[in-house]
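Report on the structure given below.
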Number of protein chains: 6
Amino acid sequence: MFYHDKQLQYTVRVDTPSPVFAKMLQQAIGGVEGEIRVALQYLFQSFGARGPAKYRDMLMETGTEELGHIQMLATAVAMNLEGSPAFLKEEMAKADPLLAATLGGMEPRQFLSAGMSALAADANGVPFNGSHVYASGNIAADMYSNVAAEATGRVLACRLFEMTDDPGMKDMLRFLIARDTMHQQQWLAVIEELGGHTGTLPIPNSFDQSQELTEVSYDFFATGIDGVQPPQGRWTSGTSLDGKGEFRTRINVPMGEEPKLAPPISIGYAETQQMGESDTETVIRPQ
Amino acid sequence: MFYHDKQLQYTVRVDTPSPVFAKMLQQAIGGVEGEIRVALQYLFQSFGARGPAKYRDMLMETGTEELGHIQMLATAVAMNLEGSPAFLKEEMAKADPLLAATLGGMEPRQFLSAGMSALAADANGVPFNGSHVYASGNIAADMYSNVAAEATGRVLACRLFEMTDDPGMKDMLRFLIARDTMHQQQWLAVIEELGGHTGTLPIPNSFDQSQELTEVSYDFFATGIDGVQPPQGRWTSGTSLDGKGEFRTRINVPMGEEPKLAPPISIGYAETQQMGESDTETVIRPQ
Amino acid sequence: MFYHDKQLQYTVRVDTPSPVFAKMLQQAIGGVEGEIRVALQYLFQSFGARGPAKYRDMLMETGTEELGHIQMLATAVAMNLEGSPAFLKEEMAKADPLLAATLGGMEPRQFLSAGMSALAADANGVPFNGSHVYASGNIAADMYSNVAAEATGRVLACRLFEMTDDPGMKDMLRFLIARDTMHQQQWLAVIEELGGHTGTLPIPNSFDQSQELTEVSYDFFATGIDGVQPPQGRWTSGTSLDGKGEFRTRINVPMGEEPKLAPPISIGYAETQQMGESDTETVIRPQ
Amino acid sequence: MFYHDKQLQYTVRVDTPSPVFAKMLQQAIGGVEGEIRVALQYLFQSFGARGPAKYRDMLMETGTEELGHIQMLATAVAMNLEGSPAFLKEEMAKADPLLAATLGGMEPRQFLSAGMSALAADANGVPFNGSHVYASGNIAADMYSNVAAEATGRVLACRLFEMTDDPGMKDMLRFLIARDTMHQQQWLAVIEELGGHTGTLPIPNSFDQSQELTEVSYDFFATGIDGVQPPQGRWTSGTSLDGKGEFRTRINVPMGEEPKLAPPISIGYAETQQMGESDTETVIRPQ
Amino acid sequence: MFYHDKQLQYTVRVDTPSPVFAKMLQQAIGGVEGEIRVALQYLFQSFGARGPAKYRDMLMETGTEELGHIQMLATAVAMNLEGSPAFLKEEMAKADPLLAATLGGMEPRQFLSAGMSALAADANGVPFNGSHVYASGNIAADMYSNVAAEATGRVLACRLFEMTDDPGMKDMLRFLIARDTMHQQQWLAVIEELGGHTGTLPIPNSFDQSQELTEVSYDFFATGIDGVQPPQGRWTSGTSLDGKGEFRTRINVPMGEEPKLAPPISIGYAETQQMGESDTETVIRPQ
Amino acid sequence: MFYHDKQLQYTVRVDTPSPVFAKMLQQAIGGVEGEIRVALQYLFQSFGARGPAKYRDMLMETGTEELGHIQMLATAVAMNLEGSPAFLKEEMAKADPLLAATLGGMEPRQFLSAGMSALAADANGVPFNGSHVYASGNIAADMYSNVAAEATGRVLACRLFEMTDDPGMKDMLRFLIARDTMHQQQWLAVIEELGGHTGTLPIPNSFDQSQELTEVSYDFFATGIDGVQPPQGRWTSGTSLDGKGEFRTRINVPMGEEPKLAPPISIGYAETQQMGESDTETVIRPQ
């Protein structure tokens with residue numbers, strides 16, 4: 001169950017409002033690297049957690065923190081929009097190009113749909129999409145999904161940091177970037193606690209590996225045509241990271257046949273010309 | 001540039017067609033854990049790769065392999081649907097419940113829209129969505145996105161493996177599961193090659209860390225109300241994984257103020273009752 | 001900022017797990033009438049609230065409550081799925097139709113993607129879509145959006161109530177239905193506090209109504225062709241609800257002209273046959 | 001069944017074409033507050049209407065009118081784009097920034113995909129999404145969904161009114177704003193005809209209210225932590241709007257237990273470390 | 001502007017209601033081959049039509065007809081659902097599998113969200129998506145988009161025809177299939193009127209063809225690796241359909257170079273290991 | 001199975017990078033007229049091909065070619081973004097309007113999410129949507145879907161050609177436009193090979209046409225109200241294109257009745273006022 005108080009987790013201050021920056025901040029709210037995604041991802045992982053309660057609890061702790069980050073960023077958007085409609089109004093008297101410049105930099109729906117506030121959408125106004133809430137029920141898979149979210153999230157925050165000179169916004173981002181630092185650590189620490197690569201790989205480690213075609217389990221398949229040199233690296237030789245195999249490079253050649261599907265059946269309503277033999281190249285004769 | 005031949009990378013054989021399994025296989029084609037996603041993800045990372053060419057090349061090698069996995073799975077779907085419409089036809093003469101049973105287990109669009117073939121969609125018929133193609137331009141972030149994709153992908157393949165007793169399908173999945181094993185290794189091997197945790201964290205490692213609020217960079221924030229004990233783990237004490245800090249637990253209390261937004265301006269068309277003071281709790285008096 | 005504890009707002013108990021009901025419950029989690037939507041809607045309205053702080057605060061109170069409803073329902077989904085995969089396994093040995101029956105009633109991704117847990121999606125697996133988070137910046141518009149959400153939400157909950165005989169699930173729904181009762185009241189109480197119809201209509205009431213074409217502001221336009229009798233009701237005669245006009249019925253006839261667009265210009269690359277006059281019906285002569 | 005003539009419902013005239021305004025108008029066509037949505041919403045409510053025919057008929061009347069609004073706005077978009085590609089062409093010879101200004105204000109697909117015409121999308125080019133077509137089968141829920149649509153729709157139209165100085169566009173909006181005035185009235189008039197709050201609440205009023213947990217049906221739950229004062233209003237004391245209860249404020253404390261899910265089962269392929277006890281906090285020991 | 005009457009364009013009668021068929025019919029309403037799509041597509045093409053008015057008018061005529069088809073199908077869905085919830089209720093007393101069978105064949109939201117009516121969605125409940133409304137501003141491109149819509153639409157209707165034995169439903173489909181026959185003709189008749197292949201190809205025919213790389217304008221590129229025989233057909237030899245070239249087969253070999261992108265710049269926040277040379281394969285040395 | 005080499009199919013060169021053009025190019029990558037769509041569409045048609053192998057093989061040949069077009073365009077996007085972030089940085093020191101101008105012309109996610117690279121999305125950042133991958137199982141329907149894709153695709157490429165003066169970009173587009181010329185021919189050549197209109201229409205030609213209501217199979221239905229003159233053309237008189245009927249114009253009048261649905265049943269939870277008779281217009285009496 002959840003509770004709130006009235007303050008923000010960290011100060012949000014905007015010295016010089018910028019509708020352009022308000023648009024960019026949307027990516028950190030409703031974008032695939034954004035806070036709605038991580039909040040719901042950690043909470044859904046927690047709600048569905050089976051196994052040791054400590055991970056369920058940790059996910060709840062941090063998912064709850066992320067809810068406060070949505071609030072901070074939504075507040076930052078609203079503050080960056082202050083003054084902008086007045087500016088727009090003034091621009092209305094002028095020629096189109098300048099207005100276009102300003103509007104081009106704005107997210108029009110922050111004004112038209114939200115009255116100078118944030119939306120549950122990304123920097124292009126694409127609505128938040130719940131399919132990015134990864135919660136697989138496998139803790140190692142989930143931890144890597146979380147690391148990926150926090151890694152792309154911190155990259156985004158650093159890029160936003162470059163896009164503003166506003167001291168208040170820079171201060172807020174310093175806080176959020178630091179939290180992303182911790183959260184990257186946090187999910188990787190679970191991997192370490194579970195035994196690192198040898199303890200967790202391959203994910204899921206509960207599948208009996210003798211069931212897979214181990215013949216190709218540690219092979220780097222090169223798909224280049226003749227003359228393309230496959231790149232060498234840690235993944236092409238030496239012991240595999242899970243300690244269970246040896247890496248090698250292998251030229252990819254078909255191990256399977258040419259696929260042959262049955263001819264269409266009548267109730268599928270293909271064209272009649274498709275109805276004959278399917279595995280020959282006889283020229284079709286139109287009726 | 002791309003080429004093809006006529007065979008499959010690995011044999012696809014269906015001994016007993018199952019429309020129910022054909023539906024489930026769609027998740028591995030167009031789902032968030034599926035092959036369209038990884039194929040496009042690795043290819044887009046390759047197309048946009050800046051920095052050492054070897055990673056660009058490796059991504060191209062494996063992205064191309066994944067295209068062949070889409071083909072294998074689409075072939076498997078078509079083969080699992082063979083015989084099913086005929087069965088449906090026969091069921092038409094009977095009462096609804098049995099037909100419902102069969103149709104309920106089918107993806108109706110595999111018949112209605114695709115004429116007994118695969119769709120670029122997931123097991124619920126939700127179309128593939130390009131926002132899952134993560135390609136951030138930061139190689140460590142991308143590698144973890146790839147590990148997450150292959151971890152959830154292998155979990156999916158193992159679950160599919162349990163959902164079928166068909167020897168052909170089990171054989172195909174043995175191959176795909178093994179390839180997922182390798183691909184998990186492959187992306188983590190890049191992380192190791194880049195120096196592991198100390199060489200890559202925090203991601204991006206090119207941001208001057210003195211700019212972030214290091215005061216909170218290695219703190220686990222506990223968001224439980226009084227009486228909720230925060231969980232302990234590798235992330236609550238000891239040196240951080242990047243070797244740059246010490247983990248500690250900290251009770252989350254507001255470091256910011258109560259947010260106060262300016263009142264609405266006239267052209268935003270709030271209700272007139274919203275137009276007064278915004279930071280007091282005076283009771284509204286309707287006009 | 002947000003906090004949590006470890007308990008649920010209300011007991012969630014499942015006496016007889018039902019994967020069919022687990023699928024249906026998804027509509028109340030990630031559907032357009034669901035809890036993710038109302039939680040985010042009330043929180044975004046609060047985050048962007050301008051004007052009297054009391055409404056901002058009330059929205060925060062209830063948005064926070066709704067977060068706990070997501071948790072309750074996600075827990076209910078996980079509990080309803082318990083036992084079902086074992087059942088599935090057992091069914092694997094049998095003929096397809098029965099398995100199809102069970103799987104047809106399941107949301108396959110609750111198993112394939114989430115490992116027996118809830119998804120941020122609706123009963124058909126369509127992901128939650130952030131465009132349903134209505135927060136317009138006009139409090140009356142927002143209150144009616146909230147009433148609409150709680151009205152469709154309570155209708156959904158009542159229908160779910162009919163779909164289960166499980167005492168635990170019925171008990172949980174009794175709680176949620178009661179909360180929807182209150183929340184419908186709550187948003188309508190704000191309308192009353194703002195002066196009811198005369199105090200709030202037309203929304204936005206801050207637009208100078210003399211600017212609109214008042215000639216048609218209280219007219220019911222009948223669009224039936226000759227012989228279709230327009231329906232009579234409170235909206236066809238008598239004083240309007242805002243007390244500012246008189247309702248009347250009016251046959252809809254064009255007040256505008258036939259639209260005539262300019263011909264295509266060269267860089268738009270229409271077909272050459274479209275390039276001539278646009279307002280005549282000369283027969284096209286192919287080149 | 002539907003018919004048409006060649007004229008517009010109301011004059012559409014553009015004195016000074018503006019591609020910036022053409023982009024904004026898209027929100028009123030394909031946005032969540034737009035005309036495709038209300039047209040389809042009223043028509044689907046009519047198509048599925050059960051109960052008194054008069055409401056079915058009224059919905060058909062107005063749904064049909066809204067189709068003509070889509071036409072008016074699409075015409076307005078096309079007219080606002082006239083001249084703009086020529087302007088673009090001229091700008092091509094100049095430096096990027098000015099072109100960027102113009103293009104930034106444009107919806108690129110109005111040119112690239114539609115050849116200077118309107119799209120079935122919103123101001124950001126996000127396609128119209130049919131999930132916003134609310135038609136619940138409960139007339140009171142539907143009427144409030146319609147009020148919400150017309151309230152946000154009129155707010156949008158008023159904001160658009162401010163964004164243009166073009167006399168033709170202002171004239172068109174005066175008409176559309178007036179129609180929104182009527183349509184807000186119309187749906188609320190149905191509520192009044194059905195008996196107002198006491199006749200319709202709680203929605204659905206056909207659910208036996210003794211089945212809900214009436215103990216919490218009129219309680220405002222305060223979710224603030226200690227020290228947060230819950231806001232007072234019409235919803236915290238006095239008789240409820242439906243006349244069936246008394247409002248009161250109640251501090252939200254858990255009425256439920258800590259959720260405990262069963263451990264993962266084998267075919268779900270969690271990590272092996274998750275397979276043990278699920279309700280204790282024993283530290284995990286990696287293999 | 002649009003009008004309506006109270007009748008359907010053609011009789012809709014359901015002799016034996018089938019919730020399974022009600023689900024399938026959704027594909028013809030809100031699916032990519034469905035009636036919402038063609039109605040909006042023809043209307044948007046008409047609203048944006050530039051050039052000869054006759055095509056604009058014809059599109060309006062048929063777009064208006066299609067609105068009536070949405071109505072017919074939505075009515076058919078509602079009729080097919082009659083009796084089904086009662087049946088469900090009865091099933092509630094029984095074991096899960098049978099209920100699952102029925103529910104598996106149902107679209108749960110037709111009951112949960114719509115109260116036994118149609119949705120603006122496809123057979124899987126995926127909402128109608130406005131991006132399928134193709135209206136390019138080039139009449140030949142639009143006519144082919146329309147032929148494609150009517151061809152897939154008639155295929156769908158024929159498949160639905162096989163999925164029912166209900167005399168009423170078969171009668172309705174006979175009508176809709178016949179209308180699709182005409183509409184395929186209608187759009188192809190425009191192509192013929194515009195001069196057929198020689199008059200319309202390549203589309204757009206207004207682009208100066210000497211500007212394209214005519215060297216490859218009529219070449220079939222074979223992308224198979226060595227040993228894969230390219231298929232022969234009308235497209236590999238003989239005069240091209242537009243009479244302007246000769247078809248030939250050509251092995252696809254790169255005409256371009258290996259792409260080399262500039263190294264990442266600092267504010268893009270790649271990993272530091274990516275910052276060096278981008279066009280060499282030097283092994284990366286972690287810090 | 002697929003292979004690659006390191007070069008591009010055709011040279012991609014950018015003389016003067018333009019972030020504005022980089023945004024526009026996205027439409028040709030992830031838009032509905034773009035290369036991801038055609039690549040997947042042809043490949044899925046090939047993967048599911050039943051009937052003569054030659055078409056399956058041809059689709060594979062060209063689908064593979066299109067993969068290389070995605071690569072070319074993604075490379076073009078990355079090259080057009082070079083220099084732009086540096087420019088942005090410099091602009092940071094200046095006033096908002098100029099920065100807004102530049103940013104307005106940019107796709108913000110090309111920087112924020114992708115680090116100066118392409119996305120799997122359209123020019124507005126709307127993600128690629130797999131529902132545009134049309135593969136119906138009927139070859140004639142598929143060929144027309146392909147013609148539509150290549151026709152809108154070539155129109156798009158021509159418009160892009162006008163939007164740039166960059167010699168490198170123009171050269172690349174000359175190649176892509178020429179390939180679209182061929183691909184339009186290629187799919188229409190299949191239609192010709194199958195016998196043209198008489199051999200393929202109506203699609204599907206395998207449905208027994210005596211089953212459809214041939215009474216209306218070649219009728220142009222005029223839906224205008226009295227006084228609206230239906231447009232004349234090839235489709236209103238003369239022999240139909242398939243040679244099987246005569247075109248005629250017919251005024252659209254209802255052939256069906258007024259639809260009457262059963263009243264709502266109890267478990268659907270309509271309002272009680274809806275529960276009575278459904279086919280009369282008795283005024284509702286609130287409780």
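How things are named: the first chain in the structure tokens is A, the next is B, and so on; residues count from 1 in each chain; ligands count from 1 in the order shown.
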request  = Could you give me the residues within segment 140-277 of chain A that DSSP places in strand (DSSP E), as a list in words?
outcome  = Asp219, Phe220, Phe221, Ala222, Arg248, Thr249, Arg250 and Ile251 of chain A
inquiry  = Residues of chain F within 6 Å of chain E, counting only C-alpha atoms - could you list those as a VMD selection string?
reply    = chain F and resid 6 to 11 54 61 115 141 144 to 145 148 151 to 152 155 174 to 175 178 to 179 181 to 182 186 189 202 to 204 212 to 213 217 to 218 222 to 223 231 234 to 235 254 to 258 268
Keeping N, CA and C atoms for every residue in the selection just given, could you write it to a file as a CSV table (one decimal), in the first residue's frame?
chain,number,residue,atom,x,y,z
F,6,LYS,N,29.9,-6.2,-46.1
F,6,LYS,CA,30.1,-4.9,-45.3
F,6,LYS,C,29.7,-3.6,-46.1
F,7,GLN,N,29.5,-3.8,-47.4
F,7,GLN,CA,29.2,-2.6,-48.1
F,7,GLN,C,27.7,-2.3,-48.2
F,8,LEU,N,27.5,-1.1,-48.7
F,8,LEU,CA,26.1,-0.7,-48.9
F,8,LEU,C,25.7,-1.0,-50.4
F,9,GLN,N,24.4,-1.2,-50.6
F,9,GLN,CA,23.9,-1.6,-51.9
F,9,GLN,C,24.2,-0.4,-52.9
F,10,TYR,N,24.2,0.8,-52.4
F,10,TYR,CA,24.5,2.0,-53.2
F,10,TYR,C,25.1,3.0,-52.3
F,11,THR,N,26.0,3.8,-52.9
F,11,THR,CA,26.7,4.9,-52.1
F,11,THR,C,25.7,5.8,-51.3
F,54,LYS,N,7.8,-20.2,-57.2
F,54,LYS,CA,8.5,-19.1,-57.8
F,54,LYS,C,8.1,-17.7,-57.2
F,61,GLU,N,13.8,-12.8,-52.7
F,61,GLU,CA,14.8,-12.0,-53.3
F,61,GLU,C,14.7,-10.5,-53.0
F,115,GLY,N,21.6,8.8,-29.7
F,115,GLY,CA,22.9,9.3,-29.8
F,115,GLY,C,23.3,9.6,-31.2
F,141,ALA,N,-4.2,-10.3,-53.6
F,141,ALA,CA,-4.4,-9.3,-52.6
F,141,ALA,C,-3.0,-8.8,-52.1
F,144,TYR,N,-1.3,-6.5,-54.7
F,144,TYR,CA,-1.9,-5.1,-54.7
F,144,TYR,C,-1.4,-4.4,-53.4
F,145,SER,N,-1.3,-5.1,-52.3
F,145,SER,CA,-0.8,-4.5,-51.1
F,145,SER,C,0.7,-4.0,-51.4
F,148,ALA,N,0.6,-0.9,-53.6
F,148,ALA,CA,0.3,0.3,-52.8
F,148,ALA,C,1.5,0.7,-52.0
F,151,ALA,N,3.9,2.4,-54.4
F,151,ALA,CA,3.4,3.6,-54.9
F,151,ALA,C,3.5,4.7,-53.9
F,152,THR,N,3.1,4.5,-52.7
F,152,THR,CA,3.2,5.5,-51.7
F,152,THR,C,4.7,5.7,-51.3
F,155,VAL,N,6.2,7.9,-54.1
F,155,VAL,CA,5.7,9.3,-53.9
F,155,VAL,C,6.5,10.0,-52.7
F,174,ARG,N,17.9,9.1,-56.1
F,174,ARG,CA,17.8,8.7,-57.5
F,174,ARG,C,17.8,7.1,-57.6
F,175,PHE,N,18.7,6.5,-56.8
F,175,PHE,CA,18.7,5.1,-56.8
F,175,PHE,C,17.5,4.5,-56.2
F,178,ALA,N,14.4,4.8,-58.4
F,178,ALA,CA,14.5,3.8,-59.5
F,178,ALA,C,14.1,2.4,-59.1
F,179,ARG,N,14.5,2.0,-57.9
F,179,ARG,CA,14.2,0.7,-57.4
F,179,ARG,C,12.7,0.6,-57.2
F,181,THR,N,10.5,2.2,-58.9
F,181,THR,CA,9.9,2.0,-60.2
F,181,THR,C,9.8,0.5,-60.6
F,182,MET,N,10.9,-0.1,-60.4
F,182,MET,CA,11.0,-1.6,-60.7
F,182,MET,C,10.0,-2.4,-59.9
F,186,GLN,N,7.1,-5.0,-60.8
F,186,GLN,CA,7.3,-6.4,-60.5
F,186,GLN,C,6.0,-7.0,-59.9
F,189,ALA,N,3.4,-7.2,-62.6
F,189,ALA,CA,3.7,-8.2,-63.6
F,189,ALA,C,3.2,-9.6,-63.1
F,202,PRO,N,-13.0,-11.2,-59.3
F,202,PRO,CA,-12.7,-10.5,-58.0
F,202,PRO,C,-11.8,-11.3,-57.1
F,203,ILE,N,-11.1,-10.6,-56.3
F,203,ILE,CA,-10.1,-11.2,-55.4
F,203,ILE,C,-10.8,-11.5,-54.1
F,204,PRO,N,-10.8,-12.7,-53.5
F,204,PRO,CA,-10.3,-14.0,-54.1
F,204,PRO,C,-11.1,-14.5,-55.2
F,212,GLU,N,-22.3,-14.9,-53.8
F,212,GLU,CA,-22.5,-13.5,-53.4
F,212,GLU,C,-23.8,-12.9,-54.0
F,213,LEU,N,-24.2,-11.8,-53.5
F,213,LEU,CA,-25.5,-11.2,-54.0
F,213,LEU,C,-25.2,-10.5,-55.2
F,217,SER,N,-23.3,-6.6,-57.3
F,217,SER,CA,-21.9,-6.8,-57.5
F,217,SER,C,-21.2,-5.7,-58.4
F,218,TYR,N,-22.0,-5.1,-59.3
F,218,TYR,CA,-21.4,-4.2,-60.2
F,218,TYR,C,-22.1,-2.8,-60.2
F,222,ALA,N,-25.0,5.4,-55.1
F,222,ALA,CA,-24.9,6.9,-54.8
F,222,ALA,C,-25.5,7.2,-53.5
F,223,THR,N,-24.8,7.8,-52.6
F,223,THR,CA,-25.3,8.0,-51.2
F,223,THR,C,-25.6,9.5,-51.0
F,231,PRO,N,-21.2,11.2,-59.6
F,231,PRO,CA,-20.2,11.4,-60.6
F,231,PRO,C,-20.2,10.2,-61.6
F,234,ARG,N,-15.8,5.5,-65.6
F,234,ARG,CA,-15.6,4.2,-66.1
F,234,ARG,C,-16.4,3.2,-65.3
F,235,TRP,N,-16.6,3.5,-64.0
F,235,TRP,CA,-17.2,2.6,-63.1
F,235,TRP,C,-18.8,2.7,-63.1
F,254,PRO,N,-32.3,2.1,-48.2
F,254,PRO,CA,-32.2,1.0,-47.3
F,254,PRO,C,-32.8,-0.3,-47.8
F,255,MET,N,-32.1,-1.4,-47.7
F,255,MET,CA,-32.6,-2.7,-48.1
F,255,MET,C,-32.9,-3.5,-46.8
F,256,GLY,N,-32.5,-2.9,-45.6
F,256,GLY,CA,-32.6,-3.5,-44.4
F,256,GLY,C,-33.6,-2.8,-43.5
F,257,GLU,N,-33.8,-3.3,-42.3
F,257,GLU,CA,-34.8,-2.7,-41.3
F,257,GLU,C,-34.0,-1.9,-40.3
F,258,GLU,N,-34.8,-1.3,-39.5
F,258,GLU,CA,-34.3,-0.6,-38.3
F,258,GLU,C,-33.8,-1.6,-37.4
F,268,GLY,N,-25.2,-7.5,-17.2
F,268,GLY,CA,-24.4,-6.5,-18.0
F,268,GLY,C,-24.3,-5.1,-17.3
Expected answer as a PyMOL selection string: alpha helix (DSSP H) residues in segment 5-146 of chain B = chain B and resi 19-30+35-47+53-81+84-91+96-105+108-112+139-146
Next, write the just-selected residues to a file, as a tab-separated table (two decimals), in the first residue's frame, keeping C-alpha atoms as the atom set.
chain	number	residue	atom	x	y	z
B	19	PRO	CA	-2.97	-24.26	-33.71
B	20	VAL	CA	-2.61	-23.61	-29.98
B	21	PHE	CA	1.14	-23.80	-30.25
B	22	ALA	CA	1.07	-21.71	-33.42
B	23	LYS	CA	-0.44	-18.95	-31.35
B	24	MET	CA	2.18	-19.26	-28.63
B	25	LEU	CA	5.02	-19.18	-31.14
B	26	GLN	CA	3.90	-15.71	-32.20
B	27	GLN	CA	5.35	-14.40	-28.94
B	28	ALA	CA	8.79	-15.49	-30.15
B	29	ILE	CA	8.26	-13.75	-33.49
B	30	GLY	CA	6.65	-10.41	-32.79
B	35	GLU	CA	13.14	-12.33	-33.01
B	36	ILE	CA	11.94	-9.31	-35.01
B	37	ARG	CA	12.97	-7.22	-32.06
B	38	VAL	CA	16.45	-8.66	-31.65
B	39	ALA	CA	17.12	-8.73	-35.38
B	40	LEU	CA	16.22	-5.06	-35.77
B	41	GLN	CA	17.88	-4.12	-32.48
B	42	TYR	CA	21.26	-5.56	-33.40
B	43	LEU	CA	21.03	-4.23	-36.96
B	44	PHE	CA	20.09	-0.71	-35.87
B	45	GLN	CA	22.91	-0.76	-33.29
B	46	SER	CA	25.21	-1.77	-36.12
B	47	PHE	CA	23.90	0.80	-38.59
B	53	ALA	CA	34.39	-1.15	-36.10
B	54	LYS	CA	34.66	-4.59	-34.54
B	55	TYR	CA	31.51	-4.12	-32.50
B	56	ARG	CA	29.65	-2.74	-35.51
B	57	ASP	CA	30.70	-5.82	-37.43
B	58	MET	CA	29.80	-8.25	-34.69
B	59	LEU	CA	26.34	-6.74	-34.36
B	60	MET	CA	25.84	-7.13	-38.09
B	61	GLU	CA	26.88	-10.79	-37.95
B	62	THR	CA	24.39	-11.64	-35.27
B	63	GLY	CA	21.58	-9.38	-36.45
B	64	THR	CA	21.75	-11.23	-39.75
B	65	GLU	CA	21.57	-14.57	-37.97
B	66	GLU	CA	18.43	-13.45	-36.15
B	67	LEU	CA	16.68	-12.72	-39.45
B	68	GLY	CA	16.94	-16.44	-40.09
B	69	HIS	CA	15.31	-17.14	-36.76
B	70	ILE	CA	12.26	-15.10	-37.75
B	71	GLN	CA	12.08	-17.29	-40.84
B	72	MET	CA	12.33	-20.50	-38.83
B	73	LEU	CA	9.58	-19.47	-36.44
B	74	ALA	CA	7.28	-18.18	-39.17
B	75	THR	CA	7.73	-21.52	-40.93
B	76	ALA	CA	6.94	-23.31	-37.68
B	77	VAL	CA	3.72	-21.31	-37.30
B	78	ALA	CA	2.59	-22.14	-40.83
B	79	MET	CA	3.31	-25.82	-40.28
B	80	ASN	CA	1.44	-25.90	-36.98
B	81	LEU	CA	-1.62	-24.45	-38.68
B	84	SER	CA	-6.36	-26.84	-38.48
B	85	PRO	CA	-8.81	-25.06	-40.77
B	86	ALA	CA	-9.99	-28.39	-42.08
B	87	PHE	CA	-10.59	-29.36	-38.50
B	88	LEU	CA	-12.43	-26.14	-37.96
B	89	LYS	CA	-14.65	-26.82	-40.94
B	90	GLU	CA	-15.56	-30.15	-39.47
B	91	GLU	CA	-16.28	-28.55	-36.12
B	96	ASP	CA	-20.48	-23.99	-30.25
B	97	PRO	CA	-18.52	-24.97	-27.11
B	98	LEU	CA	-16.13	-27.29	-28.89
B	99	LEU	CA	-15.54	-24.87	-31.70
B	100	ALA	CA	-15.04	-22.19	-29.11
B	101	ALA	CA	-12.48	-24.39	-27.44
B	102	THR	CA	-10.45	-24.67	-30.58
B	103	LEU	CA	-10.86	-21.11	-31.67
B	104	GLY	CA	-10.12	-19.88	-28.19
B	105	GLY	CA	-6.76	-21.54	-28.43
B	108	PRO	CA	-7.96	-15.82	-35.16
B	109	ARG	CA	-5.95	-13.51	-37.38
B	110	GLN	CA	-3.54	-16.32	-38.33
B	111	PHE	CA	-6.53	-17.59	-40.30
B	112	LEU	CA	-8.61	-14.47	-40.97
B	139	ILE	CA	27.82	0.45	-26.23
B	140	ALA	CA	27.52	-0.64	-22.60
B	141	ALA	CA	23.88	0.42	-22.42
B	142	ASP	CA	23.26	-1.41	-25.66
B	143	MET	CA	25.01	-4.58	-24.49
B	144	TYR	CA	22.85	-4.71	-21.37
B	145	SER	CA	19.74	-4.10	-23.50
B	146	ASN	CA	20.87	-7.06	-25.57
query = So how far away is atom CA of Gly125 of chain A from atom CA of Glu107 of chain A, in Å?
reply = 7.0 Å
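Here atom CA of Gly48 of chain D and atom CA of Pro17 of chain E stand 15.4 Å from one another.
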inquiry  = Can you measure atom CA of Val133 of chain E to atom CA of Ala118 of chain D for me? One decimal in Å is fine.
reply    = 10.7 Å
ask   = Which one of F:Pro52, F:Gly34, F:Gly168, F:Ala120 sits closest to Ser18 of chain F if you count only C-alpha atoms?
value = F:Gly168
